[in-house]
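Asker: To be precise about what I am sending: the file is called coords29.txt and holds compact mmCIF, C-alpha atoms and all ligand atoms.
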```txt
# COMPACT_ATOMS: atom_id res chain seq x y z
CA MET N 999 -14.14 -34.01 8.32
CA THR N 1000 -14.88 -30.70 10.07
CA VAL N 1001 -16.95 -28.21 8.03
CA VAL N 1002 -17.30 -24.65 9.40
CA GLN N 1003 -19.69 -21.99 8.08
CA ASN N 1004 -18.85 -18.32 7.53
CA ASP N 1005 -20.40 -15.66 5.30
CA LEU N 1006 -17.10 -14.89 3.60
CA VAL N 1007 -13.61 -16.32 3.25
CA ILE N 1008 -10.81 -13.86 2.40
CA ILE N 1009 -7.58 -15.19 0.86
CA GLY N 1010 -4.54 -12.97 1.52
CA GLY N 1011 -3.68 -10.76 4.49
CA GLY N 1012 -2.11 -7.63 3.06
CA ILE N 1013 -3.74 -4.22 3.55
CA ALA N 1014 -6.69 -5.14 1.28
CA GLY N 1015 -7.66 -8.35 3.08
CA LEU N 1016 -7.05 -6.98 6.59
CA TRP N 1017 -8.98 -3.75 6.02
CA LEU N 1018 -11.84 -5.70 4.44
CA LEU N 1019 -11.94 -8.20 7.32
CA ASN N 1020 -12.28 -5.30 9.79
CA ARG N 1021 -15.10 -3.68 7.77
CA LEU N 1022 -17.01 -6.92 7.22
CA ARG N 1023 -16.90 -7.90 10.89
CA ASN N 1024 -17.86 -4.36 11.96
CA GLU N 1025 -20.88 -4.61 9.63
CA GLY N 1026 -22.00 -7.93 11.15
CA TYR N 1027 -20.74 -10.39 8.53
CA SER N 1028 -19.00 -13.56 9.71
CA ALA N 1029 -15.70 -13.47 7.81
CA ILE N 1030 -12.42 -15.32 8.13
CA LEU N 1031 -9.02 -14.52 6.57
CA LEU N 1032 -6.46 -17.10 5.38
CA GLU N 1033 -2.82 -16.09 4.86
CA SER N 1034 -0.07 -18.36 3.56
CA GLU N 1035 3.01 -16.38 4.77
CA LYS N 1036 3.26 -13.54 7.29
CA LEU N 1037 0.68 -10.73 7.12
CA GLY N 1038 1.62 -8.05 4.59
CA SER N 1039 4.30 -10.27 3.02
CA GLY N 1040 3.89 -8.93 -0.50
CA GLN N 1041 3.54 -5.25 -1.31
CA SER N 1042 2.01 -3.93 1.91
CA ILE N 1043 5.06 -4.35 4.16
CA ALA N 1044 7.22 -2.95 1.32
CA SER N 1045 5.06 0.13 0.85
CA GLN N 1046 6.32 3.57 1.85
CA GLY N 1047 3.26 4.13 4.04
CA MET N 1048 2.17 7.35 2.33
CA ILE N 1049 -1.53 8.07 2.51
CA HIS N 1050 -1.74 10.62 -0.20
CA GLY N 1051 -4.35 12.91 -1.64
CA GLY N 1052 -3.24 12.53 -5.24
CA LEU N 1053 -1.04 15.56 -5.80
CA LYS N 1054 1.73 13.38 -7.14
CA TYR N 1055 -0.73 12.13 -9.75
CA ALA N 1056 -1.54 15.70 -10.74
CA LEU N 1057 2.06 16.77 -11.41
CA GLY N 1058 1.34 17.23 -15.11
CA GLY N 1059 -1.33 19.77 -14.15
CA THR N 1060 -4.40 17.68 -15.02
CA LEU N 1061 -6.83 16.33 -12.50
CA THR N 1062 -6.75 12.66 -13.51
CA GLY N 1063 -9.18 9.98 -12.35
CA ALA N 1064 -6.47 8.84 -9.94
CA SER N 1065 -6.11 12.23 -8.26
CA GLU N 1066 -9.89 12.61 -7.98
CA SER N 1067 -10.60 9.19 -6.45
CA ILE N 1068 -7.76 9.57 -3.95
CA ALA N 1069 -8.33 13.21 -2.92
CA ASP N 1070 -10.38 12.56 0.25
CA MET N 1071 -8.30 9.67 1.52
CA PRO N 1072 -5.96 11.43 4.00
CA ALA N 1073 -9.04 12.82 5.84
CA HIS N 1074 -10.64 9.35 5.89
CA TRP N 1075 -7.51 7.74 7.37
CA LYS N 1076 -7.05 10.55 9.92
CA LYS N 1077 -10.53 9.81 11.29
CA CYS N 1078 -9.59 6.13 11.66
CA LEU N 1079 -6.34 7.09 13.44
CA ALA N 1080 -8.41 9.19 15.86
CA GLY N 1081 -10.76 6.23 16.51
CA VAL N 1082 -13.81 7.84 14.88
CA GLY N 1083 -13.62 6.27 11.40
CA ASP N 1084 -14.96 3.06 9.90
CA VAL N 1085 -11.94 1.07 11.17
CA ASP N 1086 -10.15 1.59 14.49
CA LEU N 1087 -6.50 2.56 13.85
CA ARG N 1088 -5.69 4.04 17.26
CA GLN N 1089 -2.72 1.65 17.66
CA THR N 1090 -1.11 2.66 14.35
CA GLY N 1091 2.06 4.77 14.40
CA LEU N 1092 2.06 8.08 12.52
CA LEU N 1093 5.54 8.74 11.11
CA SER N 1094 4.70 12.16 9.71
CA ASP N 1095 1.61 14.37 9.57
CA ALA N 1096 2.82 16.12 6.41
CA TYR N 1097 4.67 15.40 3.21
CA TYR N 1098 6.77 17.88 1.28
CA LEU N 1099 7.12 18.46 -2.44
CA TRP N 1100 10.33 20.04 -3.65
CA PRO N 1101 10.45 21.21 -7.27
CA ARG N 1102 14.10 21.22 -8.21
CA ASP N 1103 15.80 24.39 -9.19
CA SER N 1104 14.28 24.87 -12.64
CA MET N 1105 11.41 26.91 -14.03
CA ARG N 1106 9.74 23.93 -15.66
CA SER N 1107 9.63 21.76 -12.55
CA ARG N 1108 8.39 24.71 -10.47
CA PHE N 1109 5.63 25.28 -12.98
CA ASN N 1110 4.83 21.58 -12.96
CA ALA N 1111 4.46 21.49 -9.18
CA PHE N 1112 2.52 24.75 -9.16
CA LEU N 1113 -0.02 23.34 -11.61
CA GLY N 1114 -0.20 20.14 -9.63
CA SER N 1115 -0.96 22.08 -6.45
CA LYS N 1116 -3.80 23.97 -8.23
CA ALA N 1117 -5.18 20.71 -9.62
CA VAL N 1118 -5.76 19.30 -6.14
CA ARG N 1119 -7.68 22.42 -5.15
CA GLY N 1120 -5.35 24.03 -2.67
CA LYS N 1121 -4.45 20.87 -0.78
CA ALA N 1122 -0.82 21.96 -0.95
CA THR N 1123 0.64 25.09 0.64
CA ASN N 1124 3.79 26.95 -0.29
CA VAL N 1125 5.86 26.91 2.92
CA ALA N 1126 7.68 30.07 4.02
CA PRO N 1127 11.47 29.47 4.16
CA GLY N 1128 11.57 30.08 7.93
CA GLN N 1129 9.23 27.10 8.40
CA TRP N 1130 11.11 24.64 6.20
CA PRO N 1131 12.35 21.44 7.86
CA ASP N 1132 15.92 21.87 9.17
CA PHE N 1133 17.16 19.50 6.47
CA PHE N 1134 16.39 22.07 3.77
CA LYS N 1135 17.10 25.34 5.62
CA GLY N 1136 19.99 27.20 3.99
CA ASN N 1137 20.51 24.38 1.51
CA ILE N 1138 17.88 24.92 -1.19
CA LYS N 1139 16.34 27.92 -2.93
CA GLY N 1140 12.74 26.68 -2.85
CA PRO N 1141 9.85 26.78 -3.34
CA LEU N 1142 8.85 23.95 -0.99
CA TYR N 1143 5.24 22.79 -0.83
CA ARG N 1144 3.61 21.06 2.15
CA LEU N 1145 1.00 18.45 1.22
CA HIS N 1146 -1.74 17.37 3.57
CA ASP N 1147 -0.64 13.76 3.15
CA ILE N 1148 0.41 11.57 6.06
CA VAL N 1149 2.96 8.77 6.42
CA LEU N 1150 2.13 5.71 8.50
CA ASP N 1151 4.34 3.12 10.17
CA VAL N 1152 3.15 0.13 8.14
CA PRO N 1153 4.25 -2.68 10.52
CA SER N 1154 2.15 -1.09 13.28
CA LEU N 1155 -0.75 -0.60 10.83
CA LEU N 1156 -0.73 -4.32 9.99
CA ALA N 1157 -0.45 -5.21 13.70
CA ASN N 1158 -3.36 -2.89 14.52
CA LEU N 1159 -5.66 -4.23 11.78
CA SER N 1160 -4.88 -7.87 12.56
CA GLY N 1161 -5.11 -7.28 16.33
CA ASN N 1162 -8.67 -5.96 15.90
CA CYS N 1163 -9.75 -9.38 14.47
CA ARG N 1164 -7.03 -11.74 15.69
CA ASP N 1165 -9.32 -14.79 16.22
CA TRP N 1166 -10.40 -14.67 12.57
CA ILE N 1167 -6.96 -14.73 10.89
CA HIS N 1168 -5.20 -18.02 10.23
CA GLN N 1169 -2.05 -19.26 8.57
CA VAL N 1170 -2.60 -21.94 5.95
CA ASP N 1171 -0.47 -23.95 3.55
CA LYS N 1172 -1.45 -22.53 0.15
CA ARG N 1173 -0.36 -25.75 -1.60
CA GLN N 1174 -3.13 -27.57 0.26
CA LEU N 1175 -5.86 -24.99 -0.43
CA ASP N 1176 -8.57 -26.25 -2.76
CA PHE N 1177 -11.87 -24.73 -3.85
CA THR N 1178 -15.21 -26.05 -5.05
CA VAL N 1179 -17.66 -23.50 -6.42
CA SER N 1180 -21.40 -24.23 -6.71
CA ALA N 1181 -24.43 -22.03 -7.35
CA ASP N 1182 -25.00 -21.00 -3.72
CA LYS N 1183 -21.69 -21.54 -1.95
CA VAL N 1184 -17.91 -21.80 -2.21
CA THR N 1185 -16.17 -24.60 -0.31
CA THR N 1186 -12.57 -23.89 0.69
CA SER N 1187 -10.63 -27.00 1.69
CA ILE N 1188 -7.75 -26.19 4.02
CA SER N 1189 -6.59 -29.76 4.59
CA ALA N 1190 -7.89 -33.29 4.12
CA ASP N 1191 -10.13 -32.94 7.19
CA LEU N 1192 -11.04 -29.21 7.35
CA GLN N 1193 -13.34 -27.18 5.08
CA ILE N 1194 -15.04 -23.78 5.21
CA GLU N 1195 -18.33 -23.17 3.43
CA SER N 1196 -19.05 -19.54 2.58
CA LYS N 1197 -21.41 -17.46 0.48
CA ARG N 1198 -18.56 -15.65 -1.23
CA LEU N 1199 -14.80 -16.06 -1.61
CA VAL N 1200 -12.72 -12.85 -1.75
CA CYS N 1201 -9.21 -13.01 -3.27
CA THR N 1202 -7.02 -10.20 -1.92
CA ALA N 1203 -3.75 -12.04 -2.46
CA GLY N 1204 -1.93 -9.24 -4.37
CA ALA N 1205 0.40 -10.85 -6.91
CA GLY N 1206 -0.83 -14.21 -5.54
CA ASN N 1207 -4.19 -13.50 -7.22
CA GLU N 1208 -2.53 -14.58 -10.49
CA ALA N 1209 -2.17 -18.20 -9.29
CA LEU N 1210 -5.65 -18.09 -7.73
CA LEU N 1211 -7.20 -16.87 -11.01
CA SER N 1212 -5.67 -19.83 -12.77
CA ARG N 1213 -6.55 -22.30 -9.99
CA LEU N 1214 -10.17 -21.08 -9.91
CA GLY N 1215 -10.45 -21.22 -13.70
CA SER N 1216 -11.32 -17.54 -14.25
CA ARG N 1217 -12.10 -16.72 -17.87
CA SER N 1218 -12.67 -12.97 -17.70
CA VAL N 1219 -10.38 -11.52 -15.00
CA SER N 1220 -6.67 -10.75 -15.45
CA MET N 1221 -4.02 -8.87 -13.52
CA GLN N 1222 -0.90 -6.90 -14.39
CA ARG N 1223 2.42 -6.36 -12.67
CA ARG N 1224 4.40 -3.12 -12.73
CA PRO N 1225 7.95 -3.78 -11.51
CA LEU N 1226 10.10 -1.65 -9.20
CA GLN N 1227 13.60 -1.81 -7.74
CA MET N 1228 13.40 0.02 -4.40
CA VAL N 1229 16.51 1.32 -2.58
CA ILE N 1230 17.18 1.71 1.15
CA VAL N 1231 20.01 3.80 2.56
CA LYS N 1232 21.14 3.99 6.19
CA HIS N 1233 23.52 6.85 6.94
CA ASN N 1234 24.66 9.17 9.72
CA TYR N 1235 22.13 11.87 8.92
CA SER N 1236 19.46 11.18 11.52
CA ALA N 1237 16.76 13.71 10.48
CA PRO N 1238 13.74 11.92 9.02
CA LEU N 1239 12.80 13.14 5.57
CA TYR N 1240 9.46 12.86 3.75
CA VAL N 1241 9.66 14.48 0.33
CA HIS N 1242 8.83 14.11 -3.36
CA CYS N 1243 11.61 15.59 -5.47
CA VAL N 1244 10.02 16.78 -8.70
CA SER N 1245 12.22 16.69 -11.76
CA ASP N 1246 12.30 19.10 -14.67
CA GLN N 1247 10.76 16.43 -16.91
CA LEU N 1248 7.01 16.69 -17.44
CA THR N 1249 6.15 13.26 -16.02
CA ALA N 1250 3.42 12.21 -13.59
CA THR N 1251 5.92 10.45 -11.29
CA PRO N 1252 8.30 12.33 -8.96
CA GLU N 1253 11.94 11.65 -9.81
CA LEU N 1254 12.50 10.55 -6.21
CA THR N 1255 10.13 9.84 -3.34
CA ILE N 1256 11.75 9.58 0.11
CA THR N 1257 10.26 8.27 3.33
CA SER N 1258 12.13 7.62 6.60
CA HIS N 1259 11.65 4.57 8.82
CA PRO N 1260 12.92 3.76 12.32
CA CYS N 1261 14.94 0.50 12.41
CA SER N 1262 15.31 -1.95 15.29
CA ASP N 1263 19.07 -1.12 15.59
CA GLY N 1264 18.16 2.50 16.45
CA SER N 1265 19.11 3.87 13.04
CA THR N 1266 16.79 5.60 10.57
CA ALA N 1267 16.54 4.33 7.01
CA TRP N 1268 15.65 6.47 4.03
CA TYR N 1269 13.47 4.47 1.65
CA LEU N 1270 13.72 5.58 -1.99
CA GLY N 1271 10.94 5.17 -4.56
CA GLY N 1272 9.45 7.21 -7.42
CA GLU N 1273 10.98 7.28 -10.89
CA LEU N 1274 14.30 5.97 -9.53
CA ALA N 1275 12.55 2.71 -8.59
CA GLU N 1276 10.60 2.47 -11.87
CA THR N 1277 13.60 2.91 -14.17
CA GLY N 1278 15.71 0.82 -11.76
CA ALA N 1279 13.51 -2.23 -12.38
CA LEU N 1280 15.45 -2.67 -15.63
CA LEU N 1281 18.90 -2.45 -13.96
CA ASP N 1282 20.90 -4.99 -12.00
CA GLN N 1283 21.36 -4.23 -8.30
CA ALA N 1284 24.89 -2.82 -8.61
CA ALA N 1285 23.77 -0.40 -11.33
CA GLN N 1286 20.69 0.65 -9.34
CA LEU N 1287 22.73 1.35 -6.19
CA ALA N 1288 25.17 3.42 -8.27
CA ALA N 1289 22.22 5.35 -9.75
CA ALA N 1290 20.77 5.96 -6.26
CA ARG N 1291 24.15 7.20 -4.92
CA ALA N 1292 24.53 9.57 -7.86
CA LYS N 1293 20.94 10.83 -7.46
CA LEU N 1294 21.28 11.58 -3.73
CA SER N 1295 24.68 13.27 -4.16
CA ASN N 1296 23.25 15.41 -6.92
CA LEU N 1297 20.08 16.38 -5.01
CA PHE N 1298 21.64 16.85 -1.57
CA PRO N 1299 25.28 17.94 -2.08
CA TRP N 1300 25.44 19.05 1.60
CA CYS N 1301 25.06 15.42 2.81
CA ASP N 1302 27.86 12.89 3.19
CA PHE N 1303 26.91 9.37 2.11
CA ASN N 1304 30.44 7.90 2.24
CA ASN N 1305 29.76 5.58 5.18
CA ALA N 1306 26.18 4.77 4.25
CA GLN N 1307 24.82 1.23 3.97
CA TRP N 1308 22.91 0.56 0.76
CA HIS N 1309 20.39 -2.12 -0.10
CA SER N 1310 17.95 -2.72 -2.96
CA PHE N 1311 15.29 -5.26 -3.85
CA PHE N 1312 12.86 -6.01 -6.67
CA ILE N 1313 9.10 -6.04 -6.17
CA ASP N 1314 6.06 -5.90 -8.45
CA ARG N 1315 2.96 -3.77 -8.00
CA ALA N 1316 0.03 -6.15 -8.65
CA GLU N 1317 -3.15 -4.62 -10.05
CA ALA N 1318 -6.17 -5.39 -12.24
CA LEU N 1319 -5.16 -5.45 -15.92
CA GLN N 1320 -5.48 -2.04 -17.64
CA PRO N 1321 -5.36 -1.17 -21.34
CA GLY N 1322 -1.71 -0.65 -22.23
CA GLY N 1323 -0.60 -1.75 -18.75
CA LYS N 1324 -1.26 1.77 -17.41
CA ARG N 1325 -1.56 2.64 -13.72
CA PRO N 1326 -5.20 2.04 -12.66
CA ASP N 1327 -7.16 5.12 -11.56
CA ASN N 1328 -8.81 3.43 -8.58
CA CYS N 1329 -9.10 0.15 -6.69
CA SER N 1330 -10.62 -2.83 -8.54
CA ILE N 1331 -13.14 -5.52 -7.71
CA GLU N 1332 -14.05 -8.11 -10.34
CA SER N 1333 -16.91 -10.49 -9.51
CA GLU N 1334 -17.17 -13.91 -11.20
CA ASN N 1335 -19.08 -17.03 -10.07
CA GLY N 1336 -19.33 -16.05 -6.42
CA ILE N 1337 -15.67 -15.04 -6.26
CA TYR N 1338 -14.45 -11.45 -5.90
CA TYR N 1339 -10.94 -10.69 -7.19
CA CYS N 1340 -9.68 -7.49 -5.57
CA TRP N 1341 -6.72 -5.15 -5.88
CA PRO N 1342 -6.54 -1.87 -3.90
CA THR N 1343 -3.99 -0.33 -6.36
CA LYS N 1344 -2.68 1.80 -3.46
CA LEU N 1345 -2.47 1.27 0.29
CA THR N 1346 -4.33 4.60 0.45
CA LEU N 1347 -7.34 3.14 -1.40
CA ALA N 1348 -7.95 0.09 0.85
CA PRO N 1349 -10.99 1.85 2.45
CA ASN N 1350 -12.50 2.44 -1.03
CA LEU N 1351 -12.00 -1.21 -1.93
CA ALA N 1352 -13.78 -2.42 1.24
CA ASN N 1353 -16.70 -0.03 0.44
CA ARG N 1354 -16.95 -1.50 -3.03
CA VAL N 1355 -17.01 -5.08 -1.69
CA LEU N 1356 -19.80 -4.12 0.72
CA MET N 1357 -21.75 -2.50 -2.12
CA GLN N 1358 -21.33 -5.64 -4.25
CA LEU N 1359 -22.61 -7.83 -1.39
CA HIS N 1360 -25.68 -5.59 -0.99
CA LYS N 1361 -26.24 -5.68 -4.75
CA GLU N 1362 -26.18 -9.48 -4.68
CA GLY N 1363 -28.60 -9.57 -1.73
CA ILE N 1364 -26.07 -10.93 0.76
CA LYS N 1365 -26.94 -9.27 4.05
CA PRO N 1366 -25.13 -9.62 7.36
CA GLN N 1367 -26.81 -12.13 9.66
CA GLY N 1368 -25.12 -10.67 12.75
CA LEU N 1369 -23.55 -14.06 13.38
CA VAL N 1370 -20.11 -14.40 14.89
CA GLY N 1371 -19.06 -17.30 12.61
CA GLN N 1372 -16.86 -20.24 13.43
CA PRO N 1373 -13.13 -19.72 14.02
CA LEU N 1374 -10.53 -22.36 13.17
CA ARG N 1375 -8.97 -22.78 16.58
CA ASP N 1376 -6.17 -25.18 15.63
CA LEU N 1377 -4.59 -23.02 12.93
CA PRO N 1378 -1.86 -20.54 13.98
CA PHE N 1379 -1.87 -16.73 13.71
CA PRO N 1380 0.55 -15.81 10.89
CA GLY N 1381 2.44 -12.90 12.55
CA ILE N 1382 3.55 -9.71 10.76
CA ALA N 1383 6.11 -9.65 7.91
CA THR N 1384 9.54 -8.02 8.46
CA PRO N 1385 9.91 -4.64 6.71
CA PRO N 1386 12.60 -4.29 4.02
CA TRP N 1387 14.56 -1.63 5.94
CA GLU N 1388 15.51 -4.33 8.50
CA PHE N 1389 17.97 -5.75 5.96
CA PRO N 1390 20.92 -7.64 7.51
C1 LIG Z 1401 7.47 -0.64 -3.12
C2 LIG Z 1401 6.05 -0.19 -3.01
C3 LIG Z 1401 5.75 1.00 -2.35
C4 LIG Z 1401 4.42 1.41 -2.22
N1 LIG Z 1401 4.15 2.55 -1.54
C5 LIG Z 1401 2.87 2.94 -1.40
C6 LIG Z 1401 2.56 4.11 -0.62
O1 LIG Z 1401 3.44 4.76 -0.04
N2 LIG Z 1401 1.26 4.48 -0.54
C7 LIG Z 1401 0.25 3.78 -1.14
O2 LIG Z 1401 -0.90 4.19 -1.03
N3 LIG Z 1401 0.52 2.65 -1.85
C8 LIG Z 1401 1.79 2.21 -1.98
N4 LIG Z 1401 2.07 1.08 -2.67
C9 LIG Z 1401 0.97 0.25 -3.18
C10 LIG Z 1401 0.45 -0.65 -2.04
O3 LIG Z 1401 1.50 -1.10 -1.24
C11 LIG Z 1401 -0.32 -1.84 -2.61
O4 LIG Z 1401 -1.32 -1.39 -3.50
C12 LIG Z 1401 -0.99 -2.64 -1.51
O5 LIG Z 1401 -0.11 -2.90 -0.44
C13 LIG Z 1401 -1.51 -3.97 -2.06
O6 LIG Z 1401 -2.09 -4.67 -0.99
P1 LIG Z 1401 -2.71 -6.10 -1.16
O7 LIG Z 1401 -3.31 -6.44 0.15
O8 LIG Z 1401 -3.56 -6.15 -2.38
O9 LIG Z 1401 -1.50 -7.08 -1.52
P2 LIG Z 1401 -0.23 -7.55 -0.69
O10 LIG Z 1401 0.22 -6.55 0.27
O11 LIG Z 1401 0.75 -8.01 -1.73
O12 LIG Z 1401 -0.76 -8.79 0.15
C14 LIG Z 1401 -1.13 -10.03 -0.41
C15 LIG Z 1401 -1.07 -11.09 0.67
O13 LIG Z 1401 -1.63 -12.29 0.16
C16 LIG Z 1401 -0.84 -13.40 0.58
N5 LIG Z 1401 -1.07 -14.50 -0.36
C17 LIG Z 1401 -0.66 -14.60 -1.66
N6 LIG Z 1401 -1.12 -15.74 -2.21
C18 LIG Z 1401 -1.82 -16.39 -1.24
C19 LIG Z 1401 -2.54 -17.61 -1.21
N7 LIG Z 1401 -2.66 -18.42 -2.29
N8 LIG Z 1401 -3.15 -18.00 -0.07
C20 LIG Z 1401 -3.07 -17.20 1.06
N9 LIG Z 1401 -2.40 -16.01 1.06
C21 LIG Z 1401 -1.79 -15.60 -0.07
C22 LIG Z 1401 0.57 -12.85 0.57
O14 LIG Z 1401 1.44 -13.63 1.38
C23 LIG Z 1401 0.36 -11.43 1.11
O15 LIG Z 1401 0.44 -11.38 2.52
C24 LIG Z 1401 3.38 0.64 -2.81
C25 LIG Z 1401 3.69 -0.56 -3.48
C26 LIG Z 1401 5.00 -0.98 -3.57
C27 LIG Z 1401 5.30 -2.29 -4.28
```
Please render this file's structure as structure tokens.
Answerer:
Amino acid sequence: MTVVQNDLVIIGGGIAGLWLLNRLRNEGYSAILLESEKLGSGQSIASQGMIHGGLKYALGGTLTGASESIADMPAHWKKCLAGVGDVDLRQTGLLSDAYYLWPRDSMRSRFNAFLGSKAVRGKATNVAPGQWPDFFKGNIKGPLYRLHDIVLDVPSLLANLSGNCRDWIHQVDKRQLDFTVSADKVTTSISADLQIESKRLVCTAGAGNEALLSRLGSRSVSMQRRPLQMVIVKHNYSAPLYVHCVSDQLTATPELTITSHPCSDGSTAWYLGGELAETGALLDQAAQLAAARAKLSNLFPWCDFNNAQWHSFFIDRAEALQPGGKRPDNCSIESENGIYYCWPTKLTLAPNLANRVLMQLHKEGIKPQGLVGQPLRDLPFPGIATPPWEFP
């Protein structure tokens, strides 16, 4: 039996686990990450890559907890992209340095967006028509707001984060994982002849935290799922588009959220989320694709989608349980018996989550020893998950 020692073991290599691994190692903790599939396999690779400052949460005009906790995040990530932040993201692709918000042609939705822009303290600017993206010029009446949000290429983000700590990330068979928790350590068994002893175990397995909570016998921590049916459309219109379309309903979710992603066949895919994806979770795929077609034709009558390729898939957002199943306002860390159960809630909030884990370690008197730790040389690197816009 080989037993290796590390300060922390992280289970799950989505954005939460990878960001945390980078922070812990930068701070001098010996930490190791175990992933059962490819990195980012759950929500992270499926995310739209928007690093937002919360305006979409302020659409009703009120500064909610969510919009407050998220407001400084684009600036934080920009520092990391420039190589002067708490994690080095210089190898991450930036798809767009701005995001647009288009209130549809009604007084109520304009008002809604206007209030939202005030609620995030001027972090949105009303763009003069001459400066609109070509896609909108001559086709809409406006107004059009420019948010200071950014959109990242998520596959390159995952490659960057994992590349920074490649020796400390391993693929494991989750059916073989076993855990023994005692007063001063957690033992993670990877196979019959390999164990890791650590001071703390951190579960950042997204929806996989549900099975871990049950396996580890948690009594006080629970998670929730909020389902989506996302849609991808590939068409002849090559201009990338990054926009929230705000409906004339007073809801906190944009009726449609569009991001654009380069595909390996040279095409560009539009990735459709927002309210369309939330209501679509209750539809079958044929009905959701029909709803998406109707929505795009209605919003953009100047575009021809006749030869487009359409695809949809179901996915759950996994988060700490909230009263009434509501969207959490921030990331979550729940500590129980030497185990931290973590959910970032948003890709955007992964830096906040890592800060909270570090604060919890300090609170519990677990200081970095400046040790490198012991890697598991015989276990493979998991590789990066394939993004959903690469559908066959
Ligand atoms: C469709 C969609 C779009 C989104 N768009 C955005 C956006 O634009 N901006 C934003 O800020 N947020 C967005 N989000 C939210 C964001 O993507 C998630 O909050 C975030 O990715 C969650 O990251 P995670 O690391 O907790 O989980 P995940 O990304 O789900 O990663 C969990 C990892 O754990 C692994 N795992 C599971 N069980 C085990 C186990 N037992 N052992 C080992 N490994 C295990 C999985 O294989 C997976 O790799 C979006 C979410 C969805 C679903």
Asker: Could you report the residues within 7 Å of ligand LIG 1401 (chain Z), using all atoms listed in the file, as an mmCIF file with C-alpha atoms, keeping the file's coordinate frame?
Answerer:
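Result went into selection17.cif, see below:
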```cif
data_model
loop_
_atom_site.group_PDB
_atom_site.id
_atom_site.type_symbol
_atom_site.label_atom_id
_atom_site.label_comp_id
_atom_site.auth_asym_id
_atom_site.auth_seq_id
_atom_site.Cartn_x
_atom_site.Cartn_y
_atom_site.Cartn_z
ATOM 1 C CA ILE N 1009 -7.580 -15.190 0.860
ATOM 2 C CA GLY N 1010 -4.540 -12.970 1.520
ATOM 3 C CA GLY N 1011 -3.680 -10.760 4.490
ATOM 4 C CA GLY N 1012 -2.110 -7.630 3.060
ATOM 5 C CA ILE N 1013 -3.740 -4.220 3.550
ATOM 6 C CA ALA N 1014 -6.690 -5.140 1.280
ATOM 7 C CA GLY N 1015 -7.660 -8.350 3.080
ATOM 8 C CA LEU N 1032 -6.460 -17.100 5.380
ATOM 9 C CA GLU N 1033 -2.820 -16.090 4.860
ATOM 10 C CA SER N 1034 -0.070 -18.360 3.560
ATOM 11 C CA GLU N 1035 3.010 -16.380 4.770
ATOM 12 C CA LYS N 1036 3.260 -13.540 7.290
ATOM 13 C CA LEU N 1037 0.680 -10.730 7.120
ATOM 14 C CA GLY N 1038 1.620 -8.050 4.590
ATOM 15 C CA SER N 1039 4.300 -10.270 3.020
ATOM 16 C CA GLY N 1040 3.890 -8.930 -0.500
ATOM 17 C CA GLN N 1041 3.540 -5.250 -1.310
ATOM 18 C CA SER N 1042 2.010 -3.930 1.910
ATOM 19 C CA ILE N 1043 5.060 -4.350 4.160
ATOM 20 C CA ALA N 1044 7.220 -2.950 1.320
ATOM 21 C CA SER N 1045 5.060 0.130 0.850
ATOM 22 C CA GLN N 1046 6.320 3.570 1.850
ATOM 23 C CA GLY N 1047 3.260 4.130 4.040
ATOM 24 C CA MET N 1048 2.170 7.350 2.330
ATOM 25 C CA ILE N 1049 -1.530 8.070 2.510
ATOM 26 C CA HIS N 1050 -1.740 10.620 -0.200
ATOM 27 C CA VAL N 1170 -2.600 -21.940 5.950
ATOM 28 C CA LYS N 1172 -1.450 -22.530 0.150
ATOM 29 C CA THR N 1202 -7.020 -10.200 -1.920
ATOM 30 C CA ALA N 1203 -3.750 -12.040 -2.460
ATOM 31 C CA GLY N 1204 -1.930 -9.240 -4.370
ATOM 32 C CA ALA N 1205 0.400 -10.850 -6.910
ATOM 33 C CA GLY N 1206 -0.830 -14.210 -5.540
ATOM 34 C CA ASN N 1207 -4.190 -13.500 -7.220
ATOM 35 C CA LEU N 1210 -5.650 -18.090 -7.730
ATOM 36 C CA LEU N 1226 10.100 -1.650 -9.200
ATOM 37 C CA MET N 1228 13.400 0.020 -4.400
ATOM 38 C CA GLY N 1271 10.940 5.170 -4.560
ATOM 39 C CA ILE N 1313 9.100 -6.040 -6.170
ATOM 40 C CA ASP N 1314 6.060 -5.900 -8.450
ATOM 41 C CA ARG N 1315 2.960 -3.770 -8.000
ATOM 42 C CA TRP N 1341 -6.720 -5.150 -5.880
ATOM 43 C CA PRO N 1342 -6.540 -1.870 -3.900
ATOM 44 C CA THR N 1343 -3.990 -0.330 -6.360
ATOM 45 C CA LYS N 1344 -2.680 1.800 -3.460
ATOM 46 C CA LEU N 1345 -2.470 1.270 0.290
ATOM 47 C CA THR N 1346 -4.330 4.600 0.450
ATOM 48 C CA LEU N 1347 -7.340 3.140 -1.400
#
```
Asker: Taking all atoms of segment 1360-1376 of chain N that appear in the file, build a box with edges along x, y and z, extend it by 5 Å on every side, and state its centre and edge lengths in Å to one decimal, as lines of an AutoDock Vina configuration file.
Answerer:
```
center_x = -17.4
center_y = -15.4
center_z = 5.9
size_x = 32.4
size_y = 29.6
size_z = 31.3
```
Asker: N:Gly1052, N:Cys1163, N:Lys1197, N:Arg1224: which is nearest Pro1366 of chain N, counting all atoms listed in the file?
Answerer: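 With all atoms listed in the file as the atom set, the closest residue is N:Lys1197.
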Asker: Compare N:Ser1180, N:Ser1154, N:Phe1312, N:Val1229 by their minimum atom-to-atom distance to Thr1384 of chain N, counting all atoms listed in the file, and give me the closest one.
Answerer: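 Closest residue, counting all atoms listed in the file: N:Ser1154.
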Asker: I need every residue sitting at most 10 Å from the point (5.4, 13.5, 11.0) (coordinates as in the file, all atoms listed in the file considered), written as a list in words.
Answerer: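 Those within range, by chain then number, are Gly1091, Leu1092, Leu1093, Ser1094, Asp1095, Ala1096, Tyr1097, Asp1147, Ile1148, Val1149, Leu1150, Pro1238, Leu1239, Tyr1240 and Ser1258 of chain N.
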